[in-house]
Amino acid sequence: MNKWILAARPKTLPAAASPVILGTALSYHDGIFHSFVLLMTLLAAVLIQIGANFANDVYDFQKGTDREDRLGPQRATQSGLISPEKMKLAMWKIFAIAIFVGCYLAWIGGWPIVIIGLASIAAGIAYTGGPYPLGYHGWGDLFVFIFFGLIAVPGSYYLQSGFITHTSLWLGVALGMLSTAILVVNNIRDMETDIVTGKKTMAVRLGKSFSQIEFSILVLIPFIIPLYMWWKTRDNMSLLITLFALPIAGHLIIQLISKNGRELNKVLVGTARFLFIFTILFSLGLIL
């Protein structure tokens with residue numbers, strides 16, 4: 001069981017749950033809330049993330065990206081804990097369960113949810129697998145921004161309400177940026193090995209300094225959205241509690257600039273934690 005928990009990468013799961021939480025908090029703020037839809041949406045999102053993690057584990061190993069000198073956490077296939085064949089089988093089983101859960105969501109939301117669900121699964125595989133892996137050609141940042149932000153947050157709101165608002169899209173922008181920030185840390189850490197293996201991430205293509213600036217923008221700009229929402233209405237002071245996460249963003253920027261190699265693993269974990277804290281604070285601001 002421990003090896004499968006390792007392969008599932010539990011520390012990445014808050015990134016999958018956060019868009020669902022925030023999108024649902026917005027619908028609650030707008031007077032619409034269905035608890036069972038929330039639970040099923042969370043389950044589907046987490047299952048798709050685990051399936052994508054399994055795909056990433058096996059395809060990175062087969063492409064030679066996960067090597068013995070990798071700086072990141074241990075990978076199940078690369079370390080020999082799970083064979084590539086078993087990992088691929090588990091990947092398809094997890095995605096099959098996600099589709100089963102998605103049938104209920106499709107019944108609620110119709111064809112848009114079918115398209116979103118299947119596209120998410122396809123993208124999870126295509127990120128590191130297939131003839132043109134997105135993550136190997138510099139499309140990872142855009143992929144994460146779209147699927148973890150622009151699709152996931154409005155999609156969760158749509159499942160609750162049956163429609164999409166401009167505000168749900170802006171909240172999607174915020175979480176898309178924070179999710180992309182996690183990937184940026186990962187790519188900065190792996191720059192040297194990615195250059196050797198031919199993985200052309202944005203960090204490899206544009207350099208470390210560019211990625212550090214990108215990270216700073218990605219973790220700071222999202223704070224503008226709750227500020228604007230408060231300024232526009234001037235009747236929801238609770239939104240300002242999101243600003244309590246601002247010092248964490250500043251600390252992460254300093255750490256990213258000052259640390260290298262394996263030290264960046266702590267920054268990676270800290271960025272994922274920051275995403276979840278931002279989500280919870282923003283969601284509380286919407287609910288209160």
# chains A, B, ... in the order shown; residues from 1 in each chain; ligands from 1
>>> residues_around(residues="A:Phe223", least_positions_apart="4", cutoff="9 Å", atoms="only C-alpha atoms", output="MDAnalysis selection string")
chainID A and resid 174 219 227:228 242:243 245:246 278
>>> closest_residue(among="A:Met87, A:Ile217, A:Lys266, A:Leu281", to="A:Leu240", atoms="only C-alpha atoms")
A:Leu281
>>> closest_residue(among="A:Gly138, A:Gly176, A:Pro133, A:Gly51", to="A:Ile99", atoms="only C-alpha atoms")
A:Gly51
>>> residues_around(residues="A:Arg273", least_positions_apart="5", cutoff="12 Å", atoms="only C-alpha atoms", output="list in words")
Pro10, Lys11, Thr12, Leu13, Pro14, Ala15, Ser18, Leu178, Ser179, Ala181, Ile182, Ala245, Ile248, Ala249, Leu252, Lys266, Val267, Leu268, Phe278, Thr279 and Ile280 of chain A
>>> write_last_selection(atoms="C-alpha atoms", output="CSV table (one decimal), in the first residue's frame")
chain,number,residue,atom,x,y,z
A,10,PRO,CA,-0.8,12.9,-1.8
A,11,LYS,CA,0.9,16.3,-1.6
A,12,THR,CA,-0.4,17.1,-5.1
A,13,LEU,CA,-4.0,16.3,-4.3
A,14,PRO,CA,-4.9,19.7,-2.7
A,15,ALA,CA,-4.1,21.3,-6.0
A,18,SER,CA,-8.7,23.6,-4.5
A,178,LEU,CA,-1.1,29.5,-8.3
A,179,SER,CA,-1.2,26.0,-9.7
A,181,ALA,CA,3.5,28.4,-9.8
A,182,ILE,CA,3.9,24.9,-8.4
A,245,ALA,CA,-1.6,34.6,2.9
A,248,ILE,CA,3.6,33.5,2.7
A,249,ALA,CA,3.9,34.5,-1.0
A,252,LEU,CA,8.3,31.8,-1.1
A,266,LYS,CA,10.8,22.5,0.4
A,267,VAL,CA,9.8,25.5,-1.8
A,268,LEU,CA,7.7,23.1,-3.9
A,278,PHE,CA,-5.1,30.9,-0.3
A,279,THR,CA,-8.1,28.7,-1.4
A,280,ILE,CA,-9.4,28.2,2.1
>>> closest_residue(among="A:Thr233, A:Met91, A:Ile225, A:Asn187", to="A:Leu206", atoms="only C-alpha atoms")
A:Asn187
>>> closest_atom_pairs(of="stretch 92-119 of chain A", to="stretch 158-169 of chain A", cutoff="10 Å", atoms="only C-alpha atoms", output="tab-separated table")
residue	atom	partner	partner_atom	distance
A:Leu105	CA	A:Leu159	CA	7.3
A:Ala106	CA	A:Leu159	CA	9.0
A:Ile108	CA	A:Leu159	CA	6.8
A:Gly109	CA	A:Leu159	CA	5.6
A:Gly110	CA	A:Leu159	CA	9.3
A:Pro112	CA	A:Tyr158	CA	9.5
A:Ile113	CA	A:Leu159	CA	8.2
>>> write_last_selection(atoms="N, CA and C atoms", output="PDB file, in the first residue's frame")
ATOM      1  N   LEU A 105     -21.938  13.250 -12.621  1.00  0.00           N
ATOM      2  CA  LEU A 105     -21.723  14.671 -12.879  1.00  0.00           C
ATOM      3  C   LEU A 105     -22.221  15.054 -14.271  1.00  0.00           C
ATOM      4  N   ALA A 106     -22.050  14.141 -15.230  1.00  0.00           N
ATOM      5  CA  ALA A 106     -22.551  14.396 -16.581  1.00  0.00           C
ATOM      6  C   ALA A 106     -24.084  14.439 -16.591  1.00  0.00           C
ATOM      7  N   ILE A 108     -25.818  15.534 -14.185  1.00  0.00           N
ATOM      8  CA  ILE A 108     -26.144  16.835 -13.609  1.00  0.00           C
ATOM      9  C   ILE A 108     -25.856  17.966 -14.587  1.00  0.00           C
ATOM     10  N   GLY A 109     -24.679  17.926 -15.214  1.00  0.00           N
ATOM     11  CA  GLY A 109     -24.206  19.061 -16.008  1.00  0.00           C
ATOM     12  C   GLY A 109     -24.308  18.915 -17.510  1.00  0.00           C
ATOM     13  N   GLY A 110     -24.604  17.708 -17.996  1.00  0.00           N
ATOM     14  CA  GLY A 110     -24.773  17.523 -19.433  1.00  0.00           C
ATOM     15  C   GLY A 110     -23.460  17.381 -20.195  1.00  0.00           C
ATOM     16  N   PRO A 112     -21.318  19.494 -21.594  1.00  0.00           N
ATOM     17  CA  PRO A 112     -20.112  20.252 -21.240  1.00  0.00           C
ATOM     18  C   PRO A 112     -19.236  19.525 -20.225  1.00  0.00           C
ATOM     19  N   ILE A 113     -19.860  18.831 -19.262  1.00  0.00           N
ATOM     20  CA  ILE A 113     -19.095  18.109 -18.246  1.00  0.00           C
ATOM     21  C   ILE A 113     -18.456  16.860 -18.841  1.00  0.00           C
TER      22      ILE A 113
END
